[in-house]
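The file structure.pdb comes next; it holds PDB, C-alpha atoms, pLDDT in the B column.
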```pdb
ATOM      1  CA  LEU A 137    -105.127 -21.671  60.116  1.00 85.00           C
ATOM      2  CA  GLN A 138    -105.092 -18.166  58.641  1.00 88.00           C
ATOM      3  CA  LYS A 139    -104.571 -16.656  62.118  1.00 87.00           C
ATOM      4  CA  TRP A 140    -101.652 -19.021  62.694  1.00 87.00           C
ATOM      5  CA  ARG A 141    -100.219 -18.101  59.269  1.00 91.00           C
ATOM      6  CA  ALA A 142    -100.473 -14.367  59.986  1.00 93.00           C
ATOM      7  CA  SER A 143     -98.762 -14.839  63.345  1.00 90.00           C
ATOM      8  CA  PHE A 144     -96.009 -16.897  61.704  1.00 92.00           C
ATOM      9  CA  VAL A 145     -95.408 -14.239  59.034  1.00 96.00           C
ATOM     10  CA  ALA A 146     -95.271 -11.508  61.708  1.00 96.00           C
ATOM     11  CA  ARG A 147     -92.702 -13.499  63.745  1.00 93.00           C
ATOM     12  CA  ASN A 148     -90.572 -14.776  60.871  1.00 94.00           C
ATOM     13  CA  GLY A 149     -90.970 -12.261  58.065  1.00 97.00           C
ATOM     14  CA  ARG A 150     -91.837 -14.962  55.560  1.00 96.00           C
ATOM     15  CA  GLU A 151     -94.597 -17.348  54.589  1.00 96.00           C
ATOM     16  CA  PRO A 152     -94.581 -20.717  56.351  1.00 93.00           C
ATOM     17  CA  ARG A 153     -93.808 -23.912  54.490  1.00 90.00           C
ATOM     18  CA  VAL A 154     -96.362 -26.496  55.487  1.00 88.00           C
ATOM     19  CA  TRP A 155     -96.832 -30.203  55.095  1.00 84.00           C
ATOM     20  CA  LEU A 156    -100.499 -31.136  55.456  1.00 84.00           C
ATOM     21  CA  ASP A 157    -100.945 -34.799  56.251  1.00 80.00           C
ATOM     22  CA  LYS A 158    -104.356 -35.035  54.591  1.00 77.00           C
ATOM     23  CA  CYS A 159    -102.961 -33.561  51.365  1.00 78.00           C
ATOM     24  CA  CYS A 160     -99.499 -35.140  51.393  1.00 77.00           C
ATOM     25  CA  ILE A 161    -100.311 -38.706  52.361  1.00 78.00           C
ATOM     26  CA  ASP A 162    -101.926 -40.759  49.624  1.00 75.00           C
ATOM     27  CA  GLN A 163    -105.299 -41.481  51.226  1.00 69.00           C
ATOM     28  CA  THR A 164    -105.815 -44.493  48.922  1.00 73.00           C
ATOM     29  CA  CYS A 165    -102.540 -46.130  49.986  1.00 72.00           C
ATOM     30  CA  ILE A 166    -102.007 -44.990  53.554  1.00 72.00           C
ATOM     31  CA  ASP A 167    -100.043 -48.049  54.661  1.00 72.00           C
ATOM     32  CA  VAL A 168     -97.138 -47.146  52.332  1.00 75.00           C
ATOM     33  CA  ASP A 169     -96.917 -43.565  53.577  1.00 75.00           C
ATOM     34  CA  LEU A 170     -97.302 -44.671  57.199  1.00 76.00           C
ATOM     35  CA  ARG A 171     -93.793 -46.105  57.006  1.00 79.00           C
ATOM     36  CA  CYS A 172     -92.548 -42.645  55.981  1.00 82.00           C
ATOM     37  CA  LEU A 173     -94.456 -40.743  58.669  1.00 84.00           C
ATOM     38  CA  PRO A 174     -91.452 -40.564  61.039  1.00 85.00           C
ATOM     39  CA  VAL A 175     -89.382 -39.054  58.204  1.00 85.00           C
ATOM     40  CA  PHE A 176     -92.075 -36.490  57.424  1.00 84.00           C
ATOM     41  CA  LEU A 177     -92.482 -35.565  61.092  1.00 85.00           C
ATOM     42  CA  SER A 178     -88.760 -35.400  61.842  1.00 84.00           C
ATOM     43  CA  ALA A 179     -88.374 -32.840  59.054  1.00 83.00           C
ATOM     44  CA  SER A 180     -90.979 -30.620  60.725  1.00 84.00           C
ATOM     45  CA  ARG A 181     -89.786 -27.760  62.924  1.00 85.00           C
ATOM     46  CA  THR A 182     -93.252 -27.358  64.384  1.00 86.00           C
ATOM     47  CA  VAL A 183     -96.356 -29.512  64.429  1.00 86.00           C
ATOM     48  CA  VAL A 184     -99.444 -27.329  64.313  1.00 88.00           C
ATOM     49  CA  VAL A 185    -102.470 -29.087  65.775  1.00 87.00           C
ATOM     50  CA  LEU A 186    -105.843 -27.618  64.846  1.00 88.00           C
ATOM     51  CA  ALA A 187    -107.791 -29.299  67.630  1.00 87.00           C
ATOM     52  CA  GLY A 188    -111.550 -29.310  67.737  1.00 91.00           C
ATOM     53  CA  THR A 189    -113.723 -31.276  70.095  1.00 93.00           C
ATOM     54  CA  THR A 190    -113.311 -34.486  68.044  1.00 93.00           C
ATOM     55  CA  TYR A 191    -109.560 -34.233  67.442  1.00 92.00           C
ATOM     56  CA  LEU A 192    -108.547 -36.931  69.924  1.00 91.00           C
ATOM     57  CA  SER A 193    -111.243 -39.297  68.699  1.00 93.00           C
ATOM     58  CA  ARG A 194    -109.365 -39.703  65.403  1.00 91.00           C
ATOM     59  CA  LEU A 195    -106.757 -42.430  65.689  1.00 90.00           C
ATOM     60  CA  TRP A 196    -104.594 -41.020  62.888  1.00 87.00           C
ATOM     61  CA  CYS A 197    -104.255 -37.689  64.689  1.00 88.00           C
ATOM     62  CA  VAL A 198    -103.203 -39.373  67.897  1.00 88.00           C
ATOM     63  CA  MET A 199    -100.704 -41.607  66.091  1.00 86.00           C
ATOM     64  CA  GLU A 200     -99.059 -38.626  64.391  1.00 87.00           C
ATOM     65  CA  LEU A 201     -98.582 -36.826  67.694  1.00 84.00           C
ATOM     66  CA  PHE A 202     -97.363 -39.948  69.411  1.00 83.00           C
ATOM     67  CA  ILE A 203     -94.831 -40.690  66.659  1.00 85.00           C
ATOM     68  CA  PHE A 204     -93.538 -37.106  66.821  1.00 84.00           C
ATOM     69  CA  ALA A 205     -93.059 -37.319  70.570  1.00 80.00           C
ATOM     70  CA  HIS A 206     -91.810 -40.923  70.537  1.00 79.00           C
ATOM     71  CA  MET A 207     -89.022 -39.901  68.142  1.00 81.00           C
ATOM     72  CA  GLY A 208     -87.737 -37.683  70.950  1.00 76.00           C
ATOM     73  CA  GLN A 209     -88.916 -34.412  69.483  1.00 76.00           C
ATOM     74  CA  ASP A 210     -89.343 -31.438  71.808  1.00 80.00           C
ATOM     75  CA  LEU A 211     -93.018 -31.256  72.793  1.00 77.00           C
ATOM     76  CA  SER A 212     -92.805 -27.469  72.920  1.00 78.00           C
ATOM     77  CA  ARG A 213     -92.592 -27.687  69.124  1.00 82.00           C
ATOM     78  CA  ILE A 214     -96.225 -28.809  69.062  1.00 83.00           C
ATOM     79  CA  GLU A 215     -98.437 -25.760  68.717  1.00 84.00           C
ATOM     80  CA  LEU A 216    -101.984 -26.477  69.825  1.00 83.00           C
ATOM     81  CA  ILE A 217    -104.608 -24.240  68.246  1.00 85.00           C
ATOM     82  CA  PRO A 218    -108.185 -24.918  69.297  1.00 86.00           C
ATOM     83  CA  VAL A 219    -110.837 -24.755  66.593  1.00 88.00           C
ATOM     84  CA  LEU A 220    -113.643 -22.862  68.289  1.00 90.00           C
ATOM     85  CA  PRO A 221    -116.889 -22.139  66.448  1.00 90.00           C
ATOM     86  CA  GLU A 222    -118.276 -18.692  67.160  1.00 92.00           C
ATOM     87  CA  GLY A 223    -120.647 -18.741  70.098  1.00 94.00           C
ATOM     88  CA  ARG A 224    -119.232 -21.997  71.496  1.00 92.00           C
ATOM     89  CA  GLU A 225    -115.752 -20.828  72.463  1.00 90.00           C
ATOM     90  CA  ALA A 226    -116.034 -21.452  76.214  1.00 91.00           C
ATOM     91  CA  GLN A 227    -117.858 -24.781  75.904  1.00 93.00           C
ATOM     92  CA  ASP A 228    -115.583 -26.147  73.180  1.00 92.00           C
ATOM     93  CA  THR A 229    -112.439 -24.984  75.006  1.00 89.00           C
ATOM     94  CA  ALA A 230    -113.618 -26.916  78.075  1.00 89.00           C
ATOM     95  CA  ASP A 231    -114.533 -29.958  75.942  1.00 91.00           C
ATOM     96  CA  ILE A 232    -111.126 -29.979  74.251  1.00 88.00           C
ATOM     97  CA  ALA A 233    -109.342 -29.710  77.609  1.00 84.00           C
ATOM     98  CA  ARG A 234    -111.449 -32.608  78.947  1.00 87.00           C
ATOM     99  CA  SER A 235    -110.644 -34.735  75.894  1.00 88.00           C
ATOM    100  CA  PHE A 236    -106.914 -34.270  76.522  1.00 85.00           C
ATOM    101  CA  ALA A 237    -107.250 -34.952  80.255  1.00 83.00           C
ATOM    102  CA  GLY A 238    -109.384 -38.071  79.802  1.00 88.00           C
ATOM    103  CA  PHE A 239    -107.806 -39.520  76.655  1.00 89.00           C
ATOM    104  CA  ASP A 240    -108.636 -43.181  76.004  1.00 91.00           C
ATOM    105  CA  ALA A 241    -107.395 -44.791  72.792  1.00 90.00           C
ATOM    106  CA  SER A 242    -110.237 -47.311  72.835  1.00 88.00           C
ATOM    107  CA  SER A 243    -112.611 -44.488  71.898  1.00 90.00           C
ATOM    108  CA  CYS A 244    -110.566 -43.512  68.816  1.00 93.00           C
ATOM    109  CA  SER A 245    -111.576 -44.523  65.328  1.00 92.00           C
ATOM    110  CA  CYS A 246    -110.611 -44.105  61.676  1.00 89.00           C
ATOM    111  CA  PHE A 247    -112.746 -43.286  58.666  1.00 85.00           C
ATOM    112  CA  ARG A 248    -111.622 -46.506  56.994  1.00 84.00           C
ATOM    113  CA  ALA A 249    -111.992 -49.726  58.985  1.00 88.00           C
ATOM    114  CA  GLU A 250    -108.834 -51.116  57.330  1.00 86.00           C
ATOM    115  CA  ASP A 251    -106.791 -48.179  58.658  1.00 84.00           C
ATOM    116  CA  GLN A 252    -108.156 -48.643  62.155  1.00 89.00           C
ATOM    117  CA  GLU A 253    -107.364 -52.357  62.088  1.00 88.00           C
ATOM    118  CA  MET A 254    -103.831 -51.663  60.821  1.00 86.00           C
ATOM    119  CA  LEU A 255    -103.128 -48.934  63.404  1.00 87.00           C
ATOM    120  CA  LEU A 256    -104.558 -50.946  66.274  1.00 88.00           C
ATOM    121  CA  GLY A 257    -102.347 -53.856  65.184  1.00 86.00           C
ATOM    122  CA  ILE A 258     -99.302 -51.582  65.287  1.00 85.00           C
ATOM    123  CA  ILE A 259    -100.337 -50.294  68.706  1.00 87.00           C
ATOM    124  CA  GLU A 260    -100.857 -53.817  70.062  1.00 86.00           C
ATOM    125  CA  ALA A 261     -97.451 -54.914  68.729  1.00 87.00           C
ATOM    126  CA  ALA A 262     -95.661 -51.883  70.169  1.00 84.00           C
ATOM    127  CA  PHE A 263     -97.480 -51.513  73.496  1.00 85.00           C
ATOM    128  CA  GLY A 264     -99.186 -54.812  74.206  1.00 88.00           C
ATOM    129  CA  SER A 265    -102.560 -53.155  74.826  1.00 90.00           C
ATOM    130  CA  LEU A 266    -104.623 -50.060  74.158  1.00 89.00           C
ATOM    131  CA  GLN A 267    -104.454 -49.270  77.862  1.00 89.00           C
ATOM    132  CA  HIS A 268    -100.644 -49.088  77.748  1.00 88.00           C
ATOM    133  CA  PHE A 269    -100.837 -46.956  74.604  1.00 88.00           C
ATOM    134  CA  SER A 270    -103.376 -44.626  76.234  1.00 88.00           C
ATOM    135  CA  SER A 271    -101.044 -44.217  79.196  1.00 86.00           C
ATOM    136  CA  ALA A 272     -98.149 -43.374  76.879  1.00 83.00           C
ATOM    137  CA  VAL A 273    -100.214 -40.805  74.980  1.00 82.00           C
ATOM    138  CA  LYS A 274    -101.517 -39.288  78.227  1.00 81.00           C
ATOM    139  CA  ALA A 275     -97.917 -38.966  79.386  1.00 79.00           C
ATOM    140  CA  ILE A 276     -97.229 -36.874  76.281  1.00 76.00           C
ATOM    141  CA  PHE A 277    -100.216 -34.651  76.998  1.00 76.00           C
ATOM    142  CA  ASP A 278     -99.166 -34.368  80.642  1.00 74.00           C
ATOM    143  CA  GLN A 279     -95.773 -32.898  79.712  1.00 69.00           C
ATOM    144  CA  GLU A 280     -95.079 -29.427  81.025  1.00 52.00           C
ATOM    145  CA  SER A 281     -94.791 -27.957  77.523  1.00 49.00           C
ATOM    146  CA  TRP A 282     -98.491 -28.649  76.873  1.00 52.00           C
ATOM    147  CA  ARG A 283     -99.495 -26.796  80.027  1.00 48.00           C
ATOM    148  CA  GLN A 284     -97.354 -23.737  79.296  1.00 46.00           C
ATOM    149  CA  LYS A 285     -99.884 -22.388  76.812  1.00 51.00           C
ATOM    150  CA  PRO A 286    -103.478 -22.893  77.976  1.00 47.00           C
ATOM    151  CA  LEU A 287    -106.013 -23.584  75.256  1.00 46.00           C
ATOM    152  CA  ALA A 288    -107.813 -20.308  75.782  1.00 44.00           C
ATOM    153  CA  GLU A 289    -104.617 -18.355  75.028  1.00 48.00           C
ATOM    154  CA  SER A 290    -103.967 -20.239  71.782  1.00 46.00           C
ATOM    155  CA  ALA A 291    -107.070 -18.987  69.989  1.00 43.00           C
TER     156      ALA A 291
END
```
Could you render the structure as structure tokens?
Amino acid sequence: LQKWRASFVARNGREPRVWLDKCCIDQTCIDVDLRCLPVFLSASRTVVVLAGTTYLSRLWCVMELFIFAHMGQDLSRIELIPVLPEGREAQDTADIARSFAGFDASSCSCFRAEDQEMLLGIIEAAFGSLQHFSSAVKAIFDQESWRQKPLAESA
């Protein structure tokens, strides 16, 4: 995150203003803030994704990206930054790339079972099945703008 910040300052001559979902969404009352998520995301010029090997296993992360894209936002405004522990850069880069290529929503989970149940209910209502949702999310990841900046170059 500090590398991204330094790059932002160098490009823009100012500090970035950030909205961190984990800090800005009331974690004890997520269902209320979920309704506001499209508003929060539409106000964002860029979505910075700090993606480690487990990123796509977290249903909330996937939902945020899907909502951003589903609102018709430009996917090139999603900046993917791999989180690569020292000494595992090559392996984790490959693992992250594989997780994007083989995304399956049925393998996603949430820390709180209630959140997972709520999100899966929303997915079922909107898409009819997890398989249809997975296809929609894969279509986002298959967009040209994701391929323009390979993971290895983002670090």
Applied to the shown file, which residues does the PyMOL selection byres ((chain A and resi 161-170) around 12) return, written as a ChimeraX atom specification?
/A:155-160,171-177,196,199-200,203,246-248,250-255,258
Residues within 9 Å of (-114.2, -27.9, 73.7), counting only C-alpha atoms, listed as a ChimeraX atom specification:
/A:187-190,218-220,224-235
Please write as an NGL selection string the full residue list that the PyMOL selection byres ((chain A and resi 209) around 12) yields on this file.
:A and (174 or 177-183 or 201-208 or 210-214 or 276 or 281)
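Note on the selection: in this file the PyMOL selection byres ((chain A and resi 193) around 7) comes out as Thr190, Tyr191, Leu192, Arg194, Leu195, Ser243, Cys244 and Ser245 of chain A.
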Take every atom of region 145-157 of chain A listed in the file, pad by 6 Å on each side, and give me the axis-aligned box centre and edge lengths in Å, one decimal, as JSON.
```
{"center_x": -95.8, "center_y": -23.2, "center_z": 59.1, "size_x": 22.4, "size_y": 35.3, "size_z": 21.3}
```
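Distances here use all atoms listed in the file; by that measure, the residue among A:Leu266, A:Ile259, A:Ala146, A:Ala237 closest to Asp278 (chain A) is A:Ala237.
Counting from CA of Ser270 (chain A), the distance to CA of Ser242 (chain A) is 8.1 Å.
The smallest atom-to-atom distance between Arg153 (chain A) and any of A:Val184, A:Ala275, A:Leu256, A:Ile217, using all atoms listed in the file, is found for A:Val184.
Distances from A:Val198, A:Leu186, A:Ala261, A:Val273 to Gln138 (chain A) were compared using all atoms listed in the file, and the smallest one belongs to A:Leu186.
Residues with at least one atom no more than 12 Å from (-101.4, -18.4, 59.6), using all atoms listed in the file, are A:Leu137, A:Gln138, A:Lys139, A:Trp140, A:Arg141, A:Ala142, A:Ser143, A:Phe144, A:Val145, A:Ala146, A:Arg147, A:Asn148, A:Arg150, A:Glu151, A:Pro152, A:Arg153, A:Val154, A:Val184, A:Leu186, A:Ile217, A:Ala291.
Picture a line from CA of Pro221 (chain A) to CA of Lys274 (chain A); it runs 25.9 Å.
CA of Ala241 (chain A) is found 7.4 Å from CA of Gln267 (chain A).
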Since the input lacks atoms, please generate N, CA, C and O atoms for region 234-249 of chain A and provide them as a PDB file, in the frame of the given file.
```
ATOM      1  N   ARG A 234    -111.011 -31.326  78.370  1.00 87.00           N
ATOM      2  CA  ARG A 234    -111.449 -32.608  78.947  1.00 87.00           C
ATOM      3  C   ARG A 234    -111.012 -33.789  78.084  1.00 87.00           C
ATOM      4  O   ARG A 234    -110.634 -34.834  78.606  1.00 87.00           O
ATOM      5  N   SER A 235    -111.039 -33.625  76.767  1.00 88.00           N
ATOM      6  CA  SER A 235    -110.644 -34.735  75.894  1.00 88.00           C
ATOM      7  C   SER A 235    -109.154 -35.048  76.055  1.00 88.00           C
ATOM      8  O   SER A 235    -108.764 -36.214  76.002  1.00 88.00           O
ATOM      9  N   PHE A 236    -108.334 -34.021  76.282  1.00 85.00           N
ATOM     10  CA  PHE A 236    -106.914 -34.270  76.522  1.00 85.00           C
ATOM     11  C   PHE A 236    -106.712 -34.923  77.888  1.00 85.00           C
ATOM     12  O   PHE A 236    -105.933 -35.858  78.029  1.00 85.00           O
ATOM     13  N   ALA A 237    -107.416 -34.429  78.897  1.00 83.00           N
ATOM     14  CA  ALA A 237    -107.250 -34.952  80.255  1.00 83.00           C
ATOM     15  C   ALA A 237    -107.741 -36.390  80.385  1.00 83.00           C
ATOM     16  O   ALA A 237    -107.164 -37.180  81.118  1.00 83.00           O
ATOM     17  N   GLY A 238    -108.799 -36.739  79.670  1.00 88.00           N
ATOM     18  CA  GLY A 238    -109.384 -38.071  79.802  1.00 88.00           C
ATOM     19  C   GLY A 238    -109.148 -38.968  78.607  1.00 88.00           C
ATOM     20  O   GLY A 238    -109.943 -39.877  78.333  1.00 88.00           O
ATOM     21  N   PHE A 239    -108.054 -38.763  77.884  1.00 89.00           N
ATOM     22  CA  PHE A 239    -107.806 -39.520  76.655  1.00 89.00           C
ATOM     23  C   PHE A 239    -107.853 -41.031  76.882  1.00 89.00           C
ATOM     24  O   PHE A 239    -107.269 -41.551  77.818  1.00 89.00           O
ATOM     25  N   ASP A 240    -108.544 -41.722  75.994  1.00 91.00           N
ATOM     26  CA  ASP A 240    -108.636 -43.181  76.004  1.00 91.00           C
ATOM     27  C   ASP A 240    -108.621 -43.657  74.559  1.00 91.00           C
ATOM     28  O   ASP A 240    -109.554 -43.398  73.793  1.00 91.00           O
ATOM     29  N   ALA A 241    -107.560 -44.350  74.177  1.00 90.00           N
ATOM     30  CA  ALA A 241    -107.395 -44.791  72.792  1.00 90.00           C
ATOM     31  C   ALA A 241    -108.514 -45.714  72.323  1.00 90.00           C
ATOM     32  O   ALA A 241    -108.808 -45.778  71.133  1.00 90.00           O
ATOM     33  N   SER A 242    -109.166 -46.384  73.248  1.00 88.00           N
ATOM     34  CA  SER A 242    -110.237 -47.311  72.835  1.00 88.00           C
ATOM     35  C   SER A 242    -111.431 -46.567  72.247  1.00 88.00           C
ATOM     36  O   SER A 242    -112.264 -47.166  71.573  1.00 88.00           O
ATOM     37  N   SER A 243    -111.506 -45.251  72.469  1.00 90.00           N
ATOM     38  CA  SER A 243    -112.611 -44.488  71.898  1.00 90.00           C
ATOM     39  C   SER A 243    -112.228 -43.817  70.579  1.00 90.00           C
ATOM     40  O   SER A 243    -113.023 -43.091  69.995  1.00 90.00           O
ATOM     41  N   CYS A 244    -111.015 -44.065  70.095  1.00 93.00           N
ATOM     42  CA  CYS A 244    -110.566 -43.512  68.816  1.00 93.00           C
ATOM     43  C   CYS A 244    -111.039 -44.382  67.658  1.00 93.00           C
ATOM     44  O   CYS A 244    -111.218 -45.585  67.811  1.00 93.00           O
ATOM     45  N   SER A 245    -111.188 -43.765  66.512  1.00 92.00           N
ATOM     46  CA  SER A 245    -111.576 -44.523  65.328  1.00 92.00           C
ATOM     47  C   SER A 245    -110.946 -43.893  64.091  1.00 92.00           C
ATOM     48  O   SER A 245    -110.353 -42.822  64.151  1.00 92.00           O
ATOM     49  N   CYS A 246    -111.084 -44.583  62.976  1.00 89.00           N
ATOM     50  CA  CYS A 246    -110.611 -44.105  61.676  1.00 89.00           C
ATOM     51  C   CYS A 246    -111.785 -44.127  60.709  1.00 89.00           C
ATOM     52  O   CYS A 246    -112.731 -44.899  60.886  1.00 89.00           O
ATOM     53  N   PHE A 247    -111.702 -43.304  59.690  1.00 85.00           N
ATOM     54  CA  PHE A 247    -112.746 -43.286  58.666  1.00 85.00           C
ATOM     55  C   PHE A 247    -112.827 -44.633  57.973  1.00 85.00           C
ATOM     56  O   PHE A 247    -113.901 -45.158  57.740  1.00 85.00           O
ATOM     57  N   ARG A 248    -111.664 -45.194  57.656  1.00 84.00           N
ATOM     58  CA  ARG A 248    -111.622 -46.506  56.994  1.00 84.00           C
ATOM     59  C   ARG A 248    -111.328 -47.593  58.020  1.00 84.00           C
ATOM     60  O   ARG A 248    -110.364 -47.504  58.778  1.00 84.00           O
ATOM     61  N   ALA A 249    -112.158 -48.620  58.034  1.00 88.00           N
ATOM     62  CA  ALA A 249    -111.992 -49.726  58.985  1.00 88.00           C
ATOM     63  C   ALA A 249    -110.633 -50.396  58.818  1.00 88.00           C
ATOM     64  O   ALA A 249    -110.017 -50.818  59.808  1.00 88.00           O
TER      65      ALA A 249
END
```
